[in-house]
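As structure tokens, the structure follows; a few thoughts come after it.
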Amino acid sequence: MKTPSPFVVPIKLPRIFSKTLITAISYIVFAFLDLLDIVLCLFYRFIDGVKEGSTHLCYCKNRGTQRKYVNGESEEDTELSETFFERKNIFREMGFFKLTKENEEGLIKKEGSVMVKNRWSDCKCESCLSWQKFEDQNLHVAVKQPSPIENLESAENVIFLHGFLSSSYLWTENVFLNLSQNGNQNCRLFAVDLLGFGKSPKPSDCFYTISDHLEMVEKSVINQFQLGSFHLVAHSMGCIIALGIAAKYQKSVKSITLIAPPYFPSSKEQASLNALNRLAERKIWPPLLFGSSVMSWYEHVGRSICFIICRNHRTWKWLLKLVTRKRELSFLFMDLTRHTHHSAWHTMHNVICGGAKLIDRYLEAVNSSELMLTVIQGDKDEVVPSECIHNIKLKVPSAEIRIIPDANHNSPILDRKEDFCRDLEHIWFSSTEKYK
């Protein structure tokens, strides 16, 4: 019989100790953030009333588990996510700083009568408000036509959807510039700035539900350019919207390529909260997870961070140029500031978390229609767990799974541009052969 090594226990002890230490510190840090968010809630109620003449309704008060729909429409894709109302806060659960019913009703009345295009805490520079100049209020779409233009009628149409806190630059900088000669001649590309991001509209009277995003992509791309057939390519959060489009336009979609899609099988009652806890668990380590949890769990802390970073993005841009001595900054930094807190907050909860209830239905539609589905993810992705890609394979057995070694959340696109483009072209042209 093999004698246990005396070094096994000492090796395990540091891991157990570090895990316990992180848990303890996380509890203290998030207890402080629970309190800070309540204090900031009271501050913003006061300052909003002073600056805008109205106090805007927030989601601090737990209103129970009843469903809430936009404009009273009882469709799942117009439903507000439970994560708005069921985020735990130890001080609210103990009854501190509780709004009275009368105050709550008064706030709801005021919110319903106020239409503010741009809040005082949002940036008011010409670039950030440029979307308000256009009457049609369509999404910003970067279009790359085939060359020569005579190939337009026979070209493959491809719609690109970016992820959270990103924009169409993800595709124009990494795909549009790296297509092969065949791709340039035979493909028409549409890179979309999703509602609330980039150069697209950011209305403050919108809840940014799945329905809102689908409607805007349909209006601004599919109908605007009269697309009879098309391919879909999406990254991260955009994958949920892409699956929604594919479920609705099953006869028009030729192929779907998803990069790092967030998918956690769960009951509909727990799907939204499960997604929030998996993607933004309340932990201080690793730092990326801590940042996600702060911005996802704390409405008013998140608004304060957006005020510091997004409202003052021109100052940050100037400072970074000064420090790095670069004339132009990476689009990755620029995209982090090109949203409002309202658009990012609602998209996070209504699309990434709320959309978790709808993905099963979308995948069932994709599976039944036998659409060509390819799923790509890096094996070192710290944002979306690698189990998501295998969950999709179980739901759609015909899906092709590609795991990229030594790649994180963005590097399957950013670090292998030419290989990524060759993979996409292979998918587009092989799916076209399938439908002939």
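Following the order of the structure tokens, first chain is A, next is B, and so on, with residues numbered from 1 inside each chain and ligands from 1 in the order they appear.
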
May I have a table of the residues of region 178-226 of chain A lying at most 10 Å from region 327-344 of chain A, giving each one's closest pair of atoms and their distance in Å to one decimal, counting only C-alpha atoms, ordered by chain and ascending residue number, as CSV?
residue,atom,partner,partner_atom,distance
A:Leu195,CA,A:Ser343,CA,7.9
A:Gly196,CA,A:Ser343,CA,5.0
A:Phe197,CA,A:His339,CA,5.0
A:Gly198,CA,A:Arg338,CA,5.1
A:Lys199,CA,A:Arg338,CA,7.6
A:Ser200,CA,A:His339,CA,9.2
A:Pro201,CA,A:His339,CA,9.5
A:Lys202,CA,A:Ser343,CA,6.3
A:Pro203,CA,A:Ser343,CA,7.7
A:Ser204,CA,A:His342,CA,6.4
A:Asp205,CA,A:His342,CA,9.1
A:Cys206,CA,A:Ser343,CA,8.0
A:Phe207,CA,A:Ser343,CA,7.8
A:Tyr208,CA,A:Ser343,CA,6.8

Near-Glu370 (chain A) list (9 Å; only C-alpha atoms; drop same-chain fewer than 4 positions) as a ChimeraX atom specification: /A:365-366,396,398

Produce a file of the selected residues containing C-alpha atoms, as a compact mmCIF listing (two decimals), in the first residue's frame.
# COMPACT_ATOMS: atom_id res chain seq x y z
CA ALA A 365 -35.52 26.73 -33.70
CA VAL A 366 -31.97 26.62 -35.10
CA VAL A 396 -27.69 21.58 -31.28
CA SER A 398 -25.04 19.37 -35.59

So that I can see what lies close to region 139-143 of chain A, please list as a compact mmCIF listing (two decimals) with all heavy atoms, in the first residue's frame the residues with an atom at most 9 Å from it, counting only C-alpha atoms and leaving out residues fewer than 6 positions away in the same chain.
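Below is the file that was written, result_31.txt:
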# COMPACT_ATOMS: atom_id res chain seq x y z
N TRP A 131 -26.37 61.10 -32.96
CA TRP A 131 -27.51 60.28 -33.36
C TRP A 131 -28.83 61.05 -33.29
O TRP A 131 -29.79 60.69 -33.99
CB TRP A 131 -27.60 59.03 -32.49
CG TRP A 131 -27.79 59.30 -31.03
CD1 TRP A 131 -26.82 59.52 -30.09
CD2 TRP A 131 -29.04 59.39 -30.32
NE1 TRP A 131 -27.37 59.73 -28.85
CE2 TRP A 131 -28.73 59.66 -28.96
CE3 TRP A 131 -30.38 59.26 -30.70
CZ2 TRP A 131 -29.72 59.80 -27.99
CZ3 TRP A 131 -31.37 59.41 -29.73
CH2 TRP A 131 -31.04 59.66 -28.39
N SER A 168 -19.15 48.41 -33.95
CA SER A 168 -18.86 47.85 -35.27
C SER A 168 -17.37 47.90 -35.60
O SER A 168 -16.91 47.20 -36.51
CB SER A 168 -19.64 48.63 -36.34
OG SER A 168 -19.35 50.02 -36.28
N TYR A 169 -16.60 48.70 -34.85
CA TYR A 169 -15.15 48.75 -35.07
C TYR A 169 -14.51 47.38 -34.88
O TYR A 169 -13.46 47.09 -35.48
CB TYR A 169 -14.49 49.75 -34.13
CG TYR A 169 -14.58 51.18 -34.57
CD1 TYR A 169 -15.18 52.15 -33.77
CD2 TYR A 169 -14.07 51.58 -35.80
CE1 TYR A 169 -15.28 53.47 -34.18
CE2 TYR A 169 -14.16 52.90 -36.22
CZ TYR A 169 -14.77 53.84 -35.40
OH TYR A 169 -14.86 55.16 -35.82
N THR A 172 -14.95 46.11 -38.48
CA THR A 172 -14.34 46.90 -39.56
C THR A 172 -12.82 46.92 -39.45
O THR A 172 -12.12 46.98 -40.46
CB THR A 172 -14.86 48.35 -39.54
OG1 THR A 172 -14.59 48.94 -38.26
CG2 THR A 172 -16.37 48.39 -39.80
N ARG A 188 -20.88 41.05 -49.27
CA ARG A 188 -21.33 42.38 -48.85
C ARG A 188 -21.51 42.33 -47.34
O ARG A 188 -22.32 41.54 -46.82
CB ARG A 188 -22.64 42.77 -49.54
CG ARG A 188 -23.10 44.16 -49.15
CD ARG A 188 -24.15 44.72 -50.08
NE ARG A 188 -25.41 44.00 -50.08
CZ ARG A 188 -26.60 44.56 -50.32
NH1 ARG A 188 -26.67 45.86 -50.58
NH2 ARG A 188 -27.69 43.83 -50.34
N LEU A 189 -20.76 43.14 -46.62
CA LEU A 189 -20.68 43.05 -45.17
C LEU A 189 -21.41 44.22 -44.49
O LEU A 189 -21.30 45.36 -44.93
CB LEU A 189 -19.22 43.04 -44.71
CG LEU A 189 -18.28 42.08 -45.44
CD1 LEU A 189 -16.88 42.15 -44.83
CD2 LEU A 189 -18.81 40.65 -45.41
N PHE A 190 -22.13 43.90 -43.41
CA PHE A 190 -22.86 44.90 -42.64
C PHE A 190 -22.45 44.78 -41.16
O PHE A 190 -22.82 43.81 -40.51
CB PHE A 190 -24.37 44.69 -42.75
CG PHE A 190 -24.89 44.71 -44.16
CD1 PHE A 190 -24.93 43.54 -44.91
CD2 PHE A 190 -25.34 45.90 -44.74
CE1 PHE A 190 -25.42 43.55 -46.21
CE2 PHE A 190 -25.82 45.91 -46.04
CZ PHE A 190 -25.86 44.74 -46.78
N ALA A 191 -21.68 45.73 -40.66
CA ALA A 191 -21.28 45.74 -39.26
C ALA A 191 -22.14 46.75 -38.51
O ALA A 191 -22.14 47.94 -38.83
CB ALA A 191 -19.80 46.09 -39.12
N VAL A 192 -22.87 46.28 -37.53
CA VAL A 192 -23.89 47.09 -36.86
C VAL A 192 -23.39 47.60 -35.51
O VAL A 192 -22.76 46.86 -34.75
CB VAL A 192 -25.16 46.24 -36.64
CG1 VAL A 192 -26.25 47.07 -35.96
CG2 VAL A 192 -25.65 45.65 -37.93
N ASP A 193 -23.67 48.87 -35.21
CA ASP A 193 -23.58 49.37 -33.83
C ASP A 193 -24.93 49.10 -33.19
O ASP A 193 -25.95 49.68 -33.59
CB ASP A 193 -23.31 50.88 -33.81
CG ASP A 193 -21.85 51.22 -34.03
OD1 ASP A 193 -21.02 50.30 -34.04
OD2 ASP A 193 -21.55 52.42 -34.21
N LEU A 194 -24.96 48.19 -32.23
CA LEU A 194 -26.23 47.84 -31.60
C LEU A 194 -26.84 49.03 -30.86
O LEU A 194 -26.14 49.97 -30.48
CB LEU A 194 -26.03 46.66 -30.64
CG LEU A 194 -25.70 45.32 -31.31
CD1 LEU A 194 -25.34 44.28 -30.25
CD2 LEU A 194 -26.86 44.82 -32.17
N LEU A 195 -28.14 48.97 -30.66
CA LEU A 195 -28.87 50.04 -29.97
C LEU A 195 -28.21 50.34 -28.62
O LEU A 195 -28.00 49.45 -27.79
CB LEU A 195 -30.32 49.61 -29.75
CG LEU A 195 -31.26 50.63 -29.12
CD1 LEU A 195 -31.46 51.82 -30.05
CD2 LEU A 195 -32.61 49.98 -28.80
N GLY A 198 -21.83 52.63 -29.53
CA GLY A 198 -21.18 53.22 -30.70
C GLY A 198 -21.86 54.50 -31.16
O GLY A 198 -22.17 55.39 -30.37
N LYS A 199 -22.14 54.58 -32.47
CA LYS A 199 -22.77 55.76 -33.05
C LYS A 199 -24.29 55.61 -33.18
O LYS A 199 -24.95 56.48 -33.75
CB LYS A 199 -22.17 56.03 -34.44
CG LYS A 199 -20.68 56.33 -34.42
CD LYS A 199 -20.15 56.54 -35.82
CE LYS A 199 -18.64 56.79 -35.82
NZ LYS A 199 -18.10 56.94 -37.20
N SER A 200 -24.83 54.53 -32.66
CA SER A 200 -26.27 54.28 -32.76
C SER A 200 -27.04 55.07 -31.69
O SER A 200 -26.44 55.55 -30.71
CB SER A 200 -26.57 52.79 -32.62
OG SER A 200 -26.21 52.10 -33.79
N PRO A 201 -28.36 55.21 -31.86
CA PRO A 201 -29.19 55.94 -30.88
C PRO A 201 -29.06 55.35 -29.47
O PRO A 201 -28.91 54.14 -29.30
CB PRO A 201 -30.61 55.78 -31.43
CG PRO A 201 -30.42 55.60 -32.90
CD PRO A 201 -29.15 54.81 -33.05
N MET A 216 -34.68 46.83 -34.09
CA MET A 216 -33.79 47.82 -34.68
C MET A 216 -32.86 47.21 -35.74
O MET A 216 -32.58 47.84 -36.76
CB MET A 216 -32.97 48.50 -33.59
CG MET A 216 -33.77 49.44 -32.71
SD MET A 216 -34.53 50.80 -33.65
CE MET A 216 -33.09 51.78 -34.05
N VAL A 217 -32.37 46.00 -35.51
CA VAL A 217 -31.55 45.33 -36.53
C VAL A 217 -32.39 45.02 -37.76
O VAL A 217 -31.95 45.21 -38.90
CB VAL A 217 -30.92 44.04 -35.96
CG1 VAL A 217 -30.20 43.26 -37.07
CG2 VAL A 217 -29.95 44.36 -34.83
N LYS A 219 -35.08 46.66 -38.76
CA LYS A 219 -35.42 47.92 -39.42
C LYS A 219 -34.21 48.53 -40.14
O LYS A 219 -34.33 49.01 -41.28
CB LYS A 219 -35.95 48.91 -38.37
CG LYS A 219 -36.13 50.34 -38.86
CD LYS A 219 -36.43 51.26 -37.68
CE LYS A 219 -36.43 52.72 -38.09
NZ LYS A 219 -36.58 53.64 -36.93
N SER A 220 -33.04 48.50 -39.49
CA SER A 220 -31.88 49.22 -39.99
C SER A 220 -31.03 48.44 -40.99
O SER A 220 -30.27 49.04 -41.75
CB SER A 220 -30.98 49.63 -38.81
OG SER A 220 -31.71 50.34 -37.84
N VAL A 221 -31.16 47.11 -40.99
CA VAL A 221 -30.33 46.30 -41.88
C VAL A 221 -31.17 45.44 -42.82
O VAL A 221 -31.15 45.62 -44.04
CB VAL A 221 -29.36 45.41 -41.07
CG1 VAL A 221 -28.40 44.69 -42.03
CG2 VAL A 221 -28.58 46.21 -40.05

Point-to-point distance in Å for CA of Leu288 (chain A) and CA of His409 (chain A):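 Distance between the two atoms: 11.4 Å.
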
Which of region 124-296 of chain A DSSP labels strand (DSSP E), written as a PyMOL selection string: chain A and resi 141-144+156-161+187-192+230-235+253-259

I need the residues from that last selection saved to file as a PDB file, in the first residue's frame (with N, CA and C atoms), if you can.
ATOM      1  N   VAL A 141     -24.707  51.637 -39.322  1.00  0.00           N
ATOM      2  CA  VAL A 141     -24.277  50.408 -40.001  1.00  0.00           C
ATOM      3  C   VAL A 141     -23.110  50.735 -40.921  1.00  0.00           C
ATOM      4  N   ALA A 142     -21.975  50.066 -40.698  1.00  0.00           N
ATOM      5  CA  ALA A 142     -20.827  50.193 -41.597  1.00  0.00           C
ATOM      6  C   ALA A 142     -20.967  49.134 -42.686  1.00  0.00           C
ATOM      7  N   VAL A 143     -20.975  49.562 -43.941  1.00  0.00           N
ATOM      8  CA  VAL A 143     -21.228  48.645 -45.055  1.00  0.00           C
ATOM      9  C   VAL A 143     -19.981  48.544 -45.936  1.00  0.00           C
ATOM     10  N   LYS A 144     -19.606  47.335 -46.263  1.00  0.00           N
ATOM     11  CA  LYS A 144     -18.515  47.092 -47.224  1.00  0.00           C
ATOM     12  C   LYS A 144     -19.105  46.384 -48.435  1.00  0.00           C
ATOM     13  N   GLU A 156     -22.669  37.408 -51.189  1.00  0.00           N
ATOM     14  CA  GLU A 156     -23.140  36.858 -49.914  1.00  0.00           C
ATOM     15  C   GLU A 156     -23.287  38.008 -48.910  1.00  0.00           C
ATOM     16  N   ASN A 157     -24.481  38.177 -48.349  1.00  0.00           N
ATOM     17  CA  ASN A 157     -24.730  39.213 -47.347  1.00  0.00           C
ATOM     18  C   ASN A 157     -24.375  38.682 -45.956  1.00  0.00           C
ATOM     19  N   VAL A 158     -23.614  39.451 -45.205  1.00  0.00           N
ATOM     20  CA  VAL A 158     -23.185  39.021 -43.872  1.00  0.00           C
ATOM     21  C   VAL A 158     -23.456  40.144 -42.874  1.00  0.00           C
ATOM     22  N   ILE A 159     -24.185  39.821 -41.796  1.00  0.00           N
ATOM     23  CA  ILE A 159     -24.477  40.778 -40.730  1.00  0.00           C
ATOM     24  C   ILE A 159     -23.600  40.456 -39.528  1.00  0.00           C
ATOM     25  N   PHE A 160     -22.858  41.463 -39.044  1.00  0.00           N
ATOM     26  CA  PHE A 160     -21.976  41.301 -37.892  1.00  0.00           C
ATOM     27  C   PHE A 160     -22.564  42.016 -36.682  1.00  0.00           C
ATOM     28  N   LEU A 161     -22.600  41.318 -35.541  1.00  0.00           N
ATOM     29  CA  LEU A 161     -23.124  41.876 -34.295  1.00  0.00           C
ATOM     30  C   LEU A 161     -22.045  41.794 -33.212  1.00  0.00           C
ATOM     31  N   CYS A 187     -18.594  39.220 -51.310  1.00  0.00           N
ATOM     32  CA  CYS A 187     -19.292  39.387 -50.030  1.00  0.00           C
ATOM     33  C   CYS A 187     -19.678  40.840 -49.802  1.00  0.00           C
ATOM     34  N   ARG A 188     -20.878  41.048 -49.271  1.00  0.00           N
ATOM     35  CA  ARG A 188     -21.328  42.378 -48.846  1.00  0.00           C
ATOM     36  C   ARG A 188     -21.508  42.327 -47.337  1.00  0.00           C
ATOM     37  N   LEU A 189     -20.756  43.137 -46.618  1.00  0.00           N
ATOM     38  CA  LEU A 189     -20.683  43.052 -45.166  1.00  0.00           C
ATOM     39  C   LEU A 189     -21.411  44.217 -44.494  1.00  0.00           C
ATOM     40  N   PHE A 190     -22.128  43.902 -43.410  1.00  0.00           N
ATOM     41  CA  PHE A 190     -22.861  44.903 -42.637  1.00  0.00           C
ATOM     42  C   PHE A 190     -22.448  44.779 -41.163  1.00  0.00           C
ATOM     43  N   ALA A 191     -21.680  45.735 -40.662  1.00  0.00           N
ATOM     44  CA  ALA A 191     -21.283  45.742 -39.257  1.00  0.00           C
ATOM     45  C   ALA A 191     -22.142  46.753 -38.511  1.00  0.00           C
ATOM     46  N   VAL A 192     -22.867  46.283 -37.530  1.00  0.00           N
ATOM     47  CA  VAL A 192     -23.890  47.087 -36.857  1.00  0.00           C
ATOM     48  C   VAL A 192     -23.387  47.596 -35.507  1.00  0.00           C
ATOM     49  N   PHE A 230     -28.968  35.910 -45.788  1.00  0.00           N
ATOM     50  CA  PHE A 230     -27.785  36.483 -45.152  1.00  0.00           C
ATOM     51  C   PHE A 230     -27.164  35.488 -44.174  1.00  0.00           C
ATOM     52  N   HIS A 231     -25.907  35.756 -43.850  1.00  0.00           N
ATOM     53  CA  HIS A 231     -25.174  35.016 -42.824  1.00  0.00           C
ATOM     54  C   HIS A 231     -25.104  35.887 -41.573  1.00  0.00           C
ATOM     55  N   LEU A 232     -24.934  35.257 -40.420  1.00  0.00           N
ATOM     56  CA  LEU A 232     -24.815  35.989 -39.156  1.00  0.00           C
ATOM     57  C   LEU A 232     -23.492  35.648 -38.482  1.00  0.00           C
ATOM     58  N   VAL A 233     -22.785  36.682 -38.035  1.00  0.00           N
ATOM     59  CA  VAL A 233     -21.555  36.511 -37.252  1.00  0.00           C
ATOM     60  C   VAL A 233     -21.696  37.379 -36.009  1.00  0.00           C
ATOM     61  N   ALA A 234     -21.493  36.795 -34.834  1.00  0.00           N
ATOM     62  CA  ALA A 234     -21.715  37.558 -33.598  1.00  0.00           C
ATOM     63  C   ALA A 234     -20.702  37.182 -32.539  1.00  0.00           C
ATOM     64  N   HIS A 235     -20.416  38.154 -31.684  1.00  0.00           N
ATOM     65  CA  HIS A 235     -19.474  37.946 -30.584  1.00  0.00           C
ATOM     66  C   HIS A 235     -20.161  38.198 -29.252  1.00  0.00           C
ATOM     67  N   VAL A 253     -31.670  32.823 -43.198  1.00  0.00           N
ATOM     68  CA  VAL A 253     -30.314  32.680 -42.664  1.00  0.00           C
ATOM     69  C   VAL A 253     -29.620  31.477 -43.288  1.00  0.00           C
ATOM     70  N   LYS A 254     -28.417  31.708 -43.801  1.00  0.00           N
ATOM     71  CA  LYS A 254     -27.639  30.631 -44.419  1.00  0.00           C
ATOM     72  C   LYS A 254     -26.672  29.974 -43.437  1.00  0.00           C
ATOM     73  N   SER A 255     -26.090  30.776 -42.554  1.00  0.00           N
ATOM     74  CA  SER A 255     -25.160  30.229 -41.563  1.00  0.00           C
ATOM     75  C   SER A 255     -25.093  31.167 -40.370  1.00  0.00           C
ATOM     76  N   ILE A 256     -24.694  30.610 -39.228  1.00  0.00           N
ATOM     77  CA  ILE A 256     -24.526  31.378 -37.998  1.00  0.00           C
ATOM     78  C   ILE A 256     -23.156  31.049 -37.419  1.00  0.00           C
ATOM     79  N   THR A 257     -22.369  32.075 -37.142  1.00  0.00           N
ATOM     80  CA  THR A 257     -21.067  31.891 -36.488  1.00  0.00           C
ATOM     81  C   THR A 257     -21.080  32.669 -35.186  1.00  0.00           C
ATOM     82  N   LEU A 258     -20.929  31.953 -34.079  1.00  0.00           N
ATOM     83  CA  LEU A 258     -20.965  32.570 -32.760  1.00  0.00           C
ATOM     84  C   LEU A 258     -19.589  32.466 -32.115  1.00  0.00           C
ATOM     85  N   ILE A 259     -19.091  33.578 -31.604  1.00  0.00           N
ATOM     86  CA  ILE A 259     -17.804  33.599 -30.903  1.00  0.00           C
ATOM     87  C   ILE A 259     -18.062  33.908 -29.437  1.00  0.00           C
TER      88      ILE A 259
END

Contacts of Lys393 (chain A) within 10 Å, only C-alpha atoms, excl. fewer than 6 positions in-chain, as a ChimeraX atom specification: /A:373-375,387,399-401

Coordinates-based distance that separates CA of His349 (chain A) from CA of His313 (chain A) (Å, one decimal):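 So the two atoms, CA of His313 (chain A) and CA of His349 (chain A), lie 24.1 Å apart.
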
May I have the residues within 10 Å of Thr83 (chain A) as a short mmCIF file (atom, residue, chain, number, x, y, z; two decimals) with all heavy atoms, in the first residue's frame, using only C-alpha atoms and disregarding those fewer than 4 positions away in the same chain?
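Output file selection09.cif is given in full below:
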data_model
loop_
_atom_site.label_atom_id
_atom_site.label_comp_id
_atom_site.auth_asym_id
_atom_site.auth_seq_id
_atom_site.Cartn_x
_atom_site.Cartn_y
_atom_site.Cartn_z
N TYR A 59 -34.08 50.85 -9.74
CA TYR A 59 -34.50 49.49 -9.45
C TYR A 59 -34.05 49.03 -8.08
O TYR A 59 -33.93 47.82 -7.83
CB TYR A 59 -33.94 48.54 -10.52
CG TYR A 59 -34.46 48.82 -11.90
CD1 TYR A 59 -33.72 49.59 -12.80
CD2 TYR A 59 -35.70 48.33 -12.32
CE1 TYR A 59 -34.20 49.85 -14.07
CE2 TYR A 59 -36.19 48.59 -13.58
CZ TYR A 59 -35.43 49.35 -14.46
OH TYR A 59 -35.91 49.62 -15.72
N THR A 65 -41.26 39.04 -7.39
CA THR A 65 -40.89 38.24 -8.55
C THR A 65 -41.90 38.32 -9.67
O THR A 65 -41.79 37.60 -10.65
CB THR A 65 -40.74 36.76 -8.12
OG1 THR A 65 -41.99 36.32 -7.57
CG2 THR A 65 -39.65 36.59 -7.09
N ARG A 87 -31.71 41.56 -7.24
CA ARG A 87 -30.31 41.63 -6.83
C ARG A 87 -30.27 41.84 -5.32
O ARG A 87 -30.87 42.76 -4.80
CB ARG A 87 -29.61 42.79 -7.54
CG ARG A 87 -29.39 42.60 -9.01
CD ARG A 87 -28.97 43.88 -9.70
NE ARG A 87 -30.05 44.86 -9.73
CZ ARG A 87 -29.99 46.03 -9.13
NH1 ARG A 87 -28.92 46.38 -8.44
NH2 ARG A 87 -31.01 46.87 -9.20
N LYS A 88 -29.54 40.99 -4.64
CA LYS A 88 -29.52 41.06 -3.18
C LYS A 88 -28.68 42.23 -2.69
O LYS A 88 -27.67 42.60 -3.29
CB LYS A 88 -28.99 39.75 -2.59
CG LYS A 88 -27.57 39.40 -3.01
CD LYS A 88 -27.17 38.06 -2.44
CE LYS A 88 -25.74 37.68 -2.89
NZ LYS A 88 -25.35 36.36 -2.38
N GLN A 270 -35.20 30.62 -13.10
CA GLN A 270 -33.91 30.94 -12.52
C GLN A 270 -32.87 31.35 -13.56
O GLN A 270 -31.74 31.68 -13.20
CB GLN A 270 -33.39 29.70 -11.76
CG GLN A 270 -34.22 29.32 -10.56
CD GLN A 270 -34.23 30.40 -9.50
OE1 GLN A 270 -33.21 31.05 -9.25
NE2 GLN A 270 -35.38 30.60 -8.86
N ALA A 271 -33.23 31.33 -14.84
CA ALA A 271 -32.25 31.54 -15.91
C ALA A 271 -31.55 32.89 -15.81
O ALA A 271 -30.31 32.97 -15.94
CB ALA A 271 -32.93 31.39 -17.27
N SER A 272 -32.29 33.96 -15.58
CA SER A 272 -31.70 35.31 -15.55
C SER A 272 -30.74 35.47 -14.39
O SER A 272 -29.61 35.94 -14.54
CB SER A 272 -32.79 36.37 -15.47
OG SER A 272 -33.62 36.32 -16.60
N LEU A 273 -31.18 35.06 -13.19
CA LEU A 273 -30.32 35.17 -12.01
C LEU A 273 -29.12 34.25 -12.11
O LEU A 273 -28.02 34.59 -11.67
CB LEU A 273 -31.13 34.86 -10.75
CG LEU A 273 -32.15 35.93 -10.36
CD1 LEU A 273 -33.10 35.40 -9.28
CD2 LEU A 273 -31.46 37.19 -9.86
N ASN A 274 -29.31 33.08 -12.72
CA ASN A 274 -28.21 32.15 -12.91
C ASN A 274 -27.15 32.76 -13.82
O ASN A 274 -25.94 32.68 -13.55
CB ASN A 274 -28.72 30.84 -13.50
CG ASN A 274 -27.62 29.81 -13.66
OD1 ASN A 274 -26.77 29.66 -12.79
ND2 ASN A 274 -27.61 29.10 -14.77
N ALA A 275 -27.59 33.41 -14.90
CA ALA A 275 -26.65 34.05 -15.82
C ALA A 275 -25.89 35.18 -15.12
O ALA A 275 -24.67 35.32 -15.30
CB ALA A 275 -27.40 34.60 -17.03
N LEU A 276 -26.59 35.97 -14.30
CA LEU A 276 -25.93 37.06 -13.57
C LEU A 276 -24.88 36.51 -12.62
O LEU A 276 -23.75 37.03 -12.55
CB LEU A 276 -26.98 37.88 -12.80
CG LEU A 276 -26.43 39.01 -11.92
CD1 LEU A 276 -25.74 40.06 -12.77
CD2 LEU A 276 -27.55 39.64 -11.10
N ASN A 277 -25.23 35.46 -11.90
CA ASN A 277 -24.30 34.89 -10.93
C ASN A 277 -23.11 34.20 -11.59
O ASN A 277 -22.01 34.16 -11.02
CB ASN A 277 -25.02 33.90 -10.01
CG ASN A 277 -25.89 34.59 -8.98
OD1 ASN A 277 -25.45 35.49 -8.29
ND2 ASN A 277 -27.14 34.18 -8.87
N SER A 296 -22.55 45.27 -12.73
CA SER A 296 -23.80 44.53 -12.95
C SER A 296 -24.72 44.52 -11.74
O SER A 296 -25.94 44.47 -11.89
CB SER A 296 -23.48 43.07 -13.35
OG SER A 296 -22.67 43.03 -14.50
N TRP A 297 -24.14 44.57 -10.55
CA TRP A 297 -24.95 44.46 -9.34
C TRP A 297 -25.35 45.82 -8.77
O TRP A 297 -26.35 45.91 -8.05
CB TRP A 297 -24.19 43.69 -8.26
CG TRP A 297 -24.15 42.21 -8.51
CD1 TRP A 297 -23.25 41.53 -9.28
CD2 TRP A 297 -25.06 41.23 -8.01
NE1 TRP A 297 -23.54 40.18 -9.29
CE2 TRP A 297 -24.65 39.97 -8.51
CE3 TRP A 297 -26.18 41.28 -7.18
CZ2 TRP A 297 -25.31 38.79 -8.21
CZ3 TRP A 297 -26.85 40.10 -6.88
CH2 TRP A 297 -26.41 38.87 -7.40
N MET A 348 -27.33 45.01 -20.35
CA MET A 348 -26.74 43.93 -19.55
C MET A 348 -27.82 43.05 -18.93
O MET A 348 -27.78 41.83 -19.03
CB MET A 348 -25.86 44.55 -18.44
CG MET A 348 -25.40 43.57 -17.37
SD MET A 348 -24.31 42.30 -18.01
CE MET A 348 -24.33 41.11 -16.66
N HIS A 349 -28.82 43.69 -18.32
CA HIS A 349 -29.82 42.90 -17.60
C HIS A 349 -30.91 42.33 -18.51
O HIS A 349 -31.35 41.19 -18.31
CB HIS A 349 -30.44 43.75 -16.49
CG HIS A 349 -29.51 43.95 -15.33
ND1 HIS A 349 -29.36 43.04 -14.33
CD2 HIS A 349 -28.64 44.96 -15.04
CE1 HIS A 349 -28.45 43.47 -13.46
NE2 HIS A 349 -28.00 44.64 -13.88
N ASN A 350 -31.35 43.09 -19.51
CA ASN A 350 -32.44 42.60 -20.34
C ASN A 350 -31.99 41.70 -21.49
O ASN A 350 -32.78 40.90 -21.99
CB ASN A 350 -33.23 43.79 -20.92
CG ASN A 350 -34.22 44.34 -19.93
OD1 ASN A 350 -34.71 43.63 -19.06
ND2 ASN A 350 -34.52 45.63 -20.04
N CYS A 353 -28.72 38.85 -19.27
CA CYS A 353 -29.38 38.08 -18.21
C CYS A 353 -30.80 37.66 -18.63
O CYS A 353 -31.15 36.48 -18.59
CB CYS A 353 -29.42 38.89 -16.93
SG CYS A 353 -27.79 39.31 -16.28
N GLY A 354 -31.61 38.64 -19.04
CA GLY A 354 -32.99 38.32 -19.44
C GLY A 354 -33.04 37.42 -20.65
O GLY A 354 -33.94 36.56 -20.78
#

Which residue of A:Glu281, A:Asp212, A:Glu126, A:Glu86 approaches Val383 (chain A) most closely, using only C-alpha atoms: A:Glu281

Could you pull the residues within 9 Å of region 24-36 of chain A, counting only C-alpha atoms, minus those fewer than 5 positions along the same chain, as an mmCIF file with C-alpha atoms, in the first residue's frame?
data_model
loop_
_atom_site.group_PDB
_atom_site.id
_atom_site.type_symbol
_atom_site.label_atom_id
_atom_site.label_comp_id
_atom_site.auth_asym_id
_atom_site.auth_seq_id
_atom_site.Cartn_x
_atom_site.Cartn_y
_atom_site.Cartn_z
ATOM 1 C CA LYS A 19 -9.784 30.830 -1.216
ATOM 2 C CA CYS A 41 -29.304 56.150 -4.667
ATOM 3 C CA LYS A 88 -29.524 41.061 -3.176
ATOM 4 C CA ASN A 89 -28.434 43.889 -0.901
ATOM 5 C CA ILE A 90 -27.898 42.994 2.737
ATOM 6 C CA PHE A 91 -28.951 46.424 4.016
ATOM 7 C CA ARG A 92 -32.192 46.511 2.028
ATOM 8 C CA ARG A 282 -19.676 38.824 -6.389
ATOM 9 C CA LYS A 283 -15.949 38.188 -5.961
ATOM 10 C CA ILE A 284 -12.911 40.453 -5.845
ATOM 11 C CA TRP A 285 -10.728 38.019 -7.789
ATOM 12 C CA VAL A 294 -19.591 45.926 -9.605
ATOM 13 C CA TYR A 298 -24.802 48.149 -8.386
ATOM 14 C CA HIS A 300 -25.746 53.747 -8.774
ATOM 15 C CA VAL A 301 -22.088 52.787 -8.314
#
